[in-house]
Amino acid sequence: MPALGRALIDALKAHGAQEIFGIPGDFVLPFFKVIEESGALPFYTLSHEPAVGFAADAAARFRASISVAVATWGAGAFNLVNPVAGAYAERSPVVVISGAPGVHERASGWQLHHMAKALDTQVKIFREITCDQAVLDDPGRAPADIARVLRSAVEYSLPVYIELPRDLVGSDVPAVERLDRLPADPAALAECADEILAHLKAAIRPVLMVDVEIRRYGIEAKVARLARALGIPAVTTFMGRGLLSDAPDVTHGTYMGAAGDHDITRMVETSDGLLLIGVILSDTNFAVSERKIDMRRAMLASGRQVRIGHHVYPDIPLDALIDALLARLAGHTRQPGNAAEAHPPSTLTLDDAPIQPSDIAAAINDLFARHGPMPMAADMGDCLFTAMEIEGAPLVAPGYYAGMGFGVPAGLGACVAAGGRPMILVGDGAFQMTGFELGNCRRYGWDPICVVFNNSSWEMLRVFQPESGFNDLDDWRFAELAGPLGGDGVRVTTRRQLADALERAHATRGRFQLIEVMLPRGETSETLARFVAGYKAARERKA
Ligand SMILES: Cc1ncc(Cc2csc(CCOP(=O)(O)OP(=O)(O)O)c2C)c(N)n1
Ligand SMILES: [Mg+2]
């Protein structure tokens, strides 16, 4: 029989994990020892647990499978709360494994170090931001608990929590079984699929809108096939930007209401048959709608249920629904038509003019046109809105949870899981939070390209509250910090310098490349400017 620590690692691998991110501590040293000595999964340590969480989250998103974040009890695991909350909000199946006091220590009656309030405080907190939990304090029950929790992560595409007492890591346990998928009621699935097709057939202007769940469940290609079979155009949500990038024939752009392409906005908001596939009904996806989308005529398949008008089909797995729809359309192939043509990507004017945020998108579009797209990770800030202007590249970003600090660690996760050299977009404020994690690249041979939008400002806050002086930041001269951290850094102030720096960075491998782009305060990307205008207009309409 394997020991519990090894059985847990083997189970993670069997459920789709391909690496582990973590930071050790005394409560998790025995488990880390098994991780290192077993070699069963590659593992990467970073410098601060928030980065561990963000990197694991990004790996889960790129791989469309579970990922793993390991930390010590208390001081380590509580540092994971924010990134795990973001993973929960954006349906990313991060498996949190926390070392913990040994079973015998718990009975000591001592206030243990790293303990906040009580022995079960931590699991109580993680109950709020994970869909399933297990405290492995009984070796006889541990394999079944692990199997249940890992199945939940896969089925619901949500984070889960496992607590591992340090004195049980070596306990002999039976191997962990892989439980069968949670079944969908075949009759309910059939009735649901028939009803959706009937609505789409009756619609004059049907549209598909897709969001993050189609990647989480690995069904992007199937959804593209569905769009072709139905002959219906597809758009992504703001959060879903970058989805279906391999299916340009069906993807007609990103819906962003008043902040987006007018043709796409009109197509979505006047549709009489809107099928929302894997869409999170969040304010960032819909707050700037020019017209309220009539949800009585829309169909929403998300969170393992389907809502059509005023009735709900519970427990309908998204992948099973897409399979059922495709089965009913076998042999149908009609090219989606009558949708807004996607605008060609913006390109950069190569001159000595100062740089605006949208110039960065144009410069990256040009780079991708020359060398092919790179997987992208964006932080929260104007860099995220600028990313909306970059075409044809997969993107991970906190588009709904909107937490800063995600960008650079997510880029490190992408170095491992995205299948190509990543491009990171991050503002100076967010870089101050987690940007120094770039110092871990040299150890692992990672060489992302990191573009820092340096406006010495919390500019996104300034556009909403321009009178506040606290949005002014100091200029940290980030490019000069790159060398000691093991990379190359350059500071650019003109559009020509930006284009040259990107080309040079792309040609340089083996060291991370930091391009510090100096931007004037008060300037934002065209997309953020439209988003803010749309948001304010929507708020005035409601006032
Ligand atoms: C963890 C966390 N704390 C605060 C905030 C609130 C916020 C949203 S946007 C923003 C400013 C971002 O500044 P940055 O320089 O990175 O980018 P830019 O606006 O383009 O200049 C803040 C402070 C969020 N979202 N998350
Ligand atoms: Mg800034």
# chains A, B, ... in the order shown; residues from 1 in each chain; ligands from 1
call {"tool": "residues_around", "arguments": {"residues": "Val173 in chain A", "least_positions_apart": "4", "cutoff": "7 Å", "atoms": "only C-alpha atoms", "output": "ChimeraX atom specification"}}
result
/A:1-4,139-140
call {"tool": "write_last_selection", "arguments": {"atoms": "N, CA, C and O atoms", "output": "PDB file, in the first residue's frame"}}
result
ATOM      1  N   MET A   1       0.859  -1.220   0.000  1.00  0.00           N
ATOM      2  CA  MET A   1       0.000   0.000   0.000  1.00  0.00           C
ATOM      3  C   MET A   1       0.891   1.266   0.000  1.00  0.00           C
ATOM      4  O   MET A   1       1.900   1.295   0.706  1.00  0.00           O
ATOM      5  N   PRO A   2       0.496   2.298  -0.749  1.00  0.00           N
ATOM      6  CA  PRO A   2       1.356   3.496  -0.749  1.00  0.00           C
ATOM      7  C   PRO A   2       1.159   4.289   0.542  1.00  0.00           C
ATOM      8  O   PRO A   2       0.147   4.123   1.236  1.00  0.00           O
ATOM      9  N   ALA A   3       2.108   5.137   0.830  1.00  0.00           N
ATOM     10  CA  ALA A   3       1.926   6.052   1.961  1.00  0.00           C
ATOM     11  C   ALA A   3       0.982   7.176   1.524  1.00  0.00           C
ATOM     12  O   ALA A   3       0.881   7.496   0.340  1.00  0.00           O
ATOM     13  N   LEU A   4       0.310   7.778   2.479  1.00  0.00           N
ATOM     14  CA  LEU A   4      -0.724   8.776   2.193  1.00  0.00           C
ATOM     15  C   LEU A   4      -0.193   9.918   1.307  1.00  0.00           C
ATOM     16  O   LEU A   4      -0.830  10.313   0.333  1.00  0.00           O
ATOM     17  N   PRO A 139      -6.426   7.949   8.277  1.00  0.00           N
ATOM     18  CA  PRO A 139      -5.869   7.244   7.109  1.00  0.00           C
ATOM     19  C   PRO A 139      -6.855   6.260   6.498  1.00  0.00           C
ATOM     20  O   PRO A 139      -6.889   6.067   5.284  1.00  0.00           O
ATOM     21  N   GLY A 140      -7.724   5.685   7.287  1.00  0.00           N
ATOM     22  CA  GLY A 140      -8.676   4.713   6.733  1.00  0.00           C
ATOM     23  C   GLY A 140      -9.670   5.380   5.807  1.00  0.00           C
ATOM     24  O   GLY A 140     -10.126   4.806   4.824  1.00  0.00           O
TER      25      GLY A 140
END
call {"tool": "residues_around", "arguments": {"residues": "Ala499 in chain A", "least_positions_apart": "3", "cutoff": "6 Å", "atoms": "only C-alpha atoms", "output": "JSON list (two decimals) with N, CA, C and O atoms, in the first residue's frame"}}
result
[["chain", "number", "residue", "atom", "x", "y", "z"],
["A", 363, "ALA", "N", 1.35, 47.53, -31.14],
["A", 363, "ALA", "CA", 2.72, 46.99, -31.28],
["A", 363, "ALA", "C", 2.73, 45.48, -31.09],
["A", 363, "ALA", "O", 3.42, 44.74, -31.82],
["A", 496, "ARG", "N", 8.47, 54.07, -31.67],
["A", 496, "ARG", "CA", 9.52, 53.33, -32.40],
["A", 496, "ARG", "C", 10.34, 52.50, -31.41],
["A", 496, "ARG", "O", 10.62, 51.33, -31.64],
["A", 502, "LEU", "N", 10.22, 45.31, -28.39],
["A", 502, "LEU", "CA", 9.46, 44.05, -28.49],
["A", 502, "LEU", "C", 10.16, 43.07, -29.42],
["A", 502, "LEU", "O", 10.28, 41.89, -29.13]]
call {"tool": "residues_near_ligand", "arguments": {"ligand": "ligand 2", "cutoff": "7 Å", "atoms": "only C-alpha atoms and all ligand atoms", "output": "list in words"}}
result
Gly427, Asp428, Gly429, Phe453, Asn454, Asn455, Ser456, Ser457, Trp458 and Glu459 of chain A
call {"tool": "write_last_selection", "arguments": {"atoms": "N, CA, C and O atoms", "output": "compact mmCIF listing (two decimals), in the first residue's frame"}}
result
# COMPACT_ATOMS: atom_id res chain seq x y z
N GLY A 427 0.38 46.56 -14.95
CA GLY A 427 0.58 47.97 -14.61
C GLY A 427 1.64 48.11 -13.54
O GLY A 427 2.00 47.14 -12.86
N ASP A 428 2.09 49.36 -13.33
CA ASP A 428 3.14 49.56 -12.34
C ASP A 428 2.63 49.26 -10.94
O ASP A 428 3.34 48.70 -10.09
N GLY A 429 1.38 49.60 -10.67
CA GLY A 429 0.84 49.33 -9.33
C GLY A 429 0.78 47.85 -9.04
O GLY A 429 1.18 47.38 -7.97
N PHE A 453 3.21 48.64 -17.86
CA PHE A 453 2.58 49.92 -18.20
C PHE A 453 2.90 50.88 -17.06
O PHE A 453 2.22 50.91 -16.04
N ASN A 454 3.98 51.69 -17.22
CA ASN A 454 4.38 52.56 -16.12
C ASN A 454 3.85 53.98 -16.30
O ASN A 454 4.45 54.80 -16.96
N ASN A 455 2.71 54.25 -15.67
CA ASN A 455 2.18 55.63 -15.65
C ASN A 455 2.34 56.24 -14.27
O ASN A 455 1.73 57.26 -13.96
N SER A 456 3.12 55.55 -13.40
CA SER A 456 3.33 56.02 -12.01
C SER A 456 2.00 56.41 -11.38
O SER A 456 1.84 57.49 -10.80
N SER A 457 1.03 55.50 -11.55
CA SER A 457 -0.33 55.87 -11.14
C SER A 457 -1.21 54.65 -10.99
O SER A 457 -1.03 53.65 -11.70
N TRP A 458 -2.17 54.76 -10.07
CA TRP A 458 -3.30 53.83 -10.06
C TRP A 458 -4.32 54.44 -11.01
O TRP A 458 -5.33 55.02 -10.61
N GLU A 459 -4.04 54.36 -12.30
CA GLU A 459 -4.80 55.13 -13.29
C GLU A 459 -6.24 54.69 -13.38
O GLU A 459 -7.14 55.52 -13.57
call {"tool": "closest_residue", "arguments": {"among": "A:Ser65, A:Arg6, A:Pro30, A:Ile125", "to": "Pro101 in chain A", "atoms": "only C-alpha atoms"}}
result
A:Pro30
call {"tool": "residues_near_ligand", "arguments": {"ligand": "ligand 1", "cutoff": "10 Å", "atoms": "only C-alpha atoms and all ligand atoms", "output": "PyMOL selection string"}}
result
chain A and resi 82-83+357+379-386+398+401-407+425-433+452-463+471-473+519+521-525+528
call {"tool": "write_last_selection", "arguments": {"atoms": "N, CA and C atoms", "output": "compact mmCIF listing (two decimals), in the first residue's frame"}}
result
# COMPACT_ATOMS: atom_id res chain seq x y z
N ASN A 82 -6.84 35.00 -1.07
CA ASN A 82 -7.26 35.91 -2.15
C ASN A 82 -7.18 35.25 -3.52
N PRO A 83 -6.06 34.63 -3.91
CA PRO A 83 -6.05 33.99 -5.23
C PRO A 83 -7.05 32.85 -5.35
N PRO A 357 -1.55 53.90 -24.22
CA PRO A 357 -1.79 52.48 -23.93
C PRO A 357 -2.21 51.67 -25.15
N ASP A 379 -2.78 41.50 -15.94
CA ASP A 379 -3.19 41.84 -14.59
C ASP A 379 -4.43 42.72 -14.67
N MET A 380 -4.89 43.16 -13.50
CA MET A 380 -6.01 44.12 -13.44
C MET A 380 -5.42 45.51 -13.61
N GLY A 381 -6.11 46.37 -14.33
CA GLY A 381 -5.63 47.72 -14.60
C GLY A 381 -5.89 47.99 -16.08
N ASP A 382 -5.37 49.08 -16.59
CA ASP A 382 -5.63 49.38 -18.00
C ASP A 382 -4.99 48.33 -18.91
N CYS A 383 -4.00 47.62 -18.40
CA CYS A 383 -3.38 46.55 -19.23
C CYS A 383 -4.43 45.51 -19.63
N LEU A 384 -5.43 45.28 -18.77
CA LEU A 384 -6.47 44.30 -19.10
C LEU A 384 -7.35 44.81 -20.23
N PHE A 385 -7.67 46.10 -20.21
CA PHE A 385 -8.50 46.67 -21.27
C PHE A 385 -7.71 46.78 -22.57
N THR A 386 -6.43 47.04 -22.43
CA THR A 386 -5.56 47.06 -23.61
C THR A 386 -5.50 45.67 -24.24
N PRO A 398 -7.88 38.31 -14.64
CA PRO A 398 -8.94 38.34 -13.62
C PRO A 398 -10.09 39.23 -14.08
N TYR A 401 -13.19 38.75 -11.20
CA TYR A 401 -12.79 38.98 -9.81
C TYR A 401 -11.99 40.28 -9.71
N ALA A 402 -11.21 40.58 -10.77
CA ALA A 402 -10.54 41.90 -10.89
C ALA A 402 -9.55 42.16 -9.77
N GLY A 403 -8.86 41.10 -9.33
CA GLY A 403 -7.85 41.29 -8.29
C GLY A 403 -6.49 41.57 -8.90
N MET A 404 -5.81 42.57 -8.37
CA MET A 404 -4.44 42.88 -8.85
C MET A 404 -3.46 41.85 -8.33
N GLY A 405 -2.30 41.78 -9.00
CA GLY A 405 -1.24 40.88 -8.57
C GLY A 405 -1.23 39.58 -9.34
N PHE A 406 -2.24 39.36 -10.16
CA PHE A 406 -2.40 38.11 -10.92
C PHE A 406 -1.40 38.01 -12.05
N GLY A 407 -1.10 39.08 -12.74
CA GLY A 407 -0.40 39.06 -14.03
C GLY A 407 0.92 38.33 -14.06
N LEU A 425 1.21 41.28 -19.40
CA LEU A 425 0.86 42.70 -19.39
C LEU A 425 0.49 43.09 -17.96
N VAL A 426 1.17 44.11 -17.42
CA VAL A 426 0.96 44.45 -16.01
C VAL A 426 1.19 45.93 -15.80
N GLY A 427 0.38 46.56 -14.95
CA GLY A 427 0.58 47.97 -14.61
C GLY A 427 1.64 48.11 -13.54
N ASP A 428 2.09 49.36 -13.33
CA ASP A 428 3.14 49.56 -12.34
C ASP A 428 2.63 49.26 -10.94
N GLY A 429 1.38 49.60 -10.67
CA GLY A 429 0.84 49.33 -9.33
C GLY A 429 0.78 47.85 -9.04
N ALA A 430 0.30 47.06 -10.01
CA ALA A 430 0.22 45.61 -9.81
C ALA A 430 1.60 44.99 -9.79
N PHE A 431 2.54 45.56 -10.56
CA PHE A 431 3.91 45.03 -10.55
C PHE A 431 4.52 45.19 -9.17
N GLN A 432 4.18 46.30 -8.51
CA GLN A 432 4.70 46.50 -7.14
C GLN A 432 4.24 45.37 -6.22
N MET A 433 3.10 44.75 -6.53
CA MET A 433 2.56 43.70 -5.65
C MET A 433 3.26 42.37 -5.86
N VAL A 452 5.52 46.28 -18.78
CA VAL A 452 5.03 47.04 -17.62
C VAL A 452 4.49 48.39 -18.10
N PHE A 453 3.21 48.64 -17.86
CA PHE A 453 2.58 49.92 -18.20
C PHE A 453 2.90 50.88 -17.06
N ASN A 454 3.98 51.69 -17.22
CA ASN A 454 4.38 52.56 -16.12
C ASN A 454 3.85 53.98 -16.30
N ASN A 455 2.71 54.25 -15.67
CA ASN A 455 2.18 55.63 -15.65
C ASN A 455 2.34 56.24 -14.27
N SER A 456 3.12 55.55 -13.40
CA SER A 456 3.33 56.02 -12.01
C SER A 456 2.00 56.41 -11.38
N SER A 457 1.03 55.50 -11.55
CA SER A 457 -0.33 55.87 -11.14
C SER A 457 -1.21 54.65 -10.99
N TRP A 458 -2.17 54.76 -10.07
CA TRP A 458 -3.30 53.83 -10.06
C TRP A 458 -4.32 54.44 -11.01
N GLU A 459 -4.04 54.36 -12.30
CA GLU A 459 -4.80 55.13 -13.29
C GLU A 459 -6.24 54.69 -13.38
N MET A 460 -6.51 53.40 -13.23
CA MET A 460 -7.91 52.97 -13.31
C MET A 460 -8.76 53.61 -12.23
N LEU A 461 -8.17 53.87 -11.09
CA LEU A 461 -8.94 54.54 -10.03
C LEU A 461 -9.07 56.02 -10.34
N ARG A 462 -8.04 56.57 -10.96
CA ARG A 462 -8.08 58.00 -11.26
C ARG A 462 -9.20 58.33 -12.23
N VAL A 463 -9.48 57.40 -13.17
CA VAL A 463 -10.54 57.74 -14.14
C VAL A 463 -11.89 57.80 -13.45
N ASN A 471 -3.82 58.53 -5.89
CA ASN A 471 -3.58 57.68 -7.07
C ASN A 471 -2.21 57.92 -7.68
N ASP A 472 -1.49 58.92 -7.17
CA ASP A 472 -0.14 59.19 -7.71
C ASP A 472 0.85 58.21 -7.08
N LEU A 473 1.60 57.53 -7.92
CA LEU A 473 2.64 56.62 -7.43
C LEU A 473 4.01 57.18 -7.80
N LEU A 519 4.15 55.82 -19.76
CA LEU A 519 2.85 56.32 -20.23
C LEU A 519 2.49 57.58 -19.45
N ARG A 521 0.36 60.09 -17.27
CA ARG A 521 -0.80 59.99 -16.39
C ARG A 521 -2.00 60.63 -17.09
N GLY A 522 -3.19 60.11 -16.81
CA GLY A 522 -4.39 60.71 -17.40
C GLY A 522 -4.75 60.11 -18.74
N GLU A 523 -3.86 59.30 -19.32
CA GLU A 523 -4.17 58.66 -20.60
C GLU A 523 -4.59 57.21 -20.35
N THR A 524 -5.61 56.76 -21.05
CA THR A 524 -6.01 55.35 -20.92
C THR A 524 -6.19 54.75 -22.32
N SER A 525 -6.34 53.43 -22.34
CA SER A 525 -6.61 52.76 -23.61
C SER A 525 -7.98 53.21 -24.12
N LEU A 528 -10.69 51.15 -22.30
CA LEU A 528 -11.03 51.58 -20.93
C LEU A 528 -11.82 52.88 -20.97
call {"tool": "residues_around", "arguments": {"residues": "range 232-246 of chain A", "least_positions_apart": "4", "cutoff": "7 Å", "atoms": "only C-alpha atoms", "output": "number ranges by chain"}}
result
A: 206-212, 220, 227-228, 250-256, 285, 336-337, 339, 388, 392-395, 399-400
call {"tool": "residues_around", "arguments": {"residues": "range 350-355 of chain A", "least_positions_apart": "5", "cutoff": "9 Å", "atoms": "only C-alpha atoms", "output": "list in words"}}
result
Ile360, Val492, Thr493, Thr494, Arg495, Arg496, Gln497, Leu498, Ala499, Val517, Met518, Leu519 and Pro520 of chain A
call {"tool": "write_last_selection", "arguments": {"atoms": "C-alpha atoms", "output": "CSV table (one decimal), in the first residue's frame"}}
result
chain,number,residue,atom,x,y,z
A,360,ILE,CA,1.0,48.8,-26.9
A,492,VAL,CA,10.9,53.0,-23.7
A,493,THR,CA,9.2,56.4,-24.2
A,494,THR,CA,8.5,56.5,-28.0
A,495,ARG,CA,6.5,54.2,-30.3
A,496,ARG,CA,9.5,53.3,-32.4
A,497,GLN,CA,11.5,52.4,-29.3
A,498,LEU,CA,8.5,50.2,-28.2
A,499,ALA,CA,8.4,48.3,-31.5
A,517,VAL,CA,6.7,51.4,-21.2
A,518,MET,CA,6.4,55.0,-19.9
A,519,LEU,CA,2.9,56.3,-20.2
A,520,PRO,CA,1.5,59.8,-19.4
call {"tool": "residues_around", "arguments": {"residues": "Gly510 in chain A", "least_positions_apart": "3", "cutoff": "8 Å", "atoms": "only C-alpha atoms", "output": "MDAnalysis selection string"}}
result
chainID A and resid 445:447
call {"tool": "write_last_selection", "arguments": {"atoms": "N, CA, C and O atoms", "output": "tab-separated table (two decimals), in the first residue's frame"}}
result
chain	number	residue	atom	x	y	z
A	445	GLY	N	14.59	28.49	-15.82
A	445	GLY	CA	14.80	28.69	-17.26
A	445	GLY	C	13.61	29.32	-17.95
A	445	GLY	O	13.43	29.23	-19.16
A	446	TRP	N	12.75	29.99	-17.19
A	446	TRP	CA	11.59	30.65	-17.79
A	446	TRP	C	12.02	31.98	-18.41
A	446	TRP	O	12.91	32.68	-17.86
A	447	ASP	N	11.43	32.35	-19.55
A	447	ASP	CA	11.83	33.61	-20.19
A	447	ASP	C	10.63	34.38	-20.75
A	447	ASP	O	10.59	34.70	-21.94
call {"tool": "select_by_dssp", "arguments": {"residues": "range 126-369 of chain A", "states": "strand (DSSP E)", "output": "PyMOL selection string"}}
result
chain A and resi 133-135+160-165+206-210+234-236+251-254+273-277+298-302+305-308+311-314
call {"tool": "closest_residue", "arguments": {"among": "A:Arg304, A:Lys536, A:His15, A:Arg530", "to": "Leu189 in chain A", "atoms": "only C-alpha atoms"}}
result
A:Arg304
call {"tool": "residues_around", "arguments": {"residues": "range 144-158 of chain A", "least_positions_apart": "3", "cutoff": "9 Å", "atoms": "only C-alpha atoms", "output": "PyMOL selection string"}}
result
chain A and resi 8+11-12+15-16+64-66+87-95+129-136+140-141+161-162+176-182+213+216-217+303-304+317
call {"tool": "atom_distance", "arguments": {"atom1": "CA of Val451 in chain A", "atom2": "CA of Ala397 in chain A"}}
result
14.7 Å
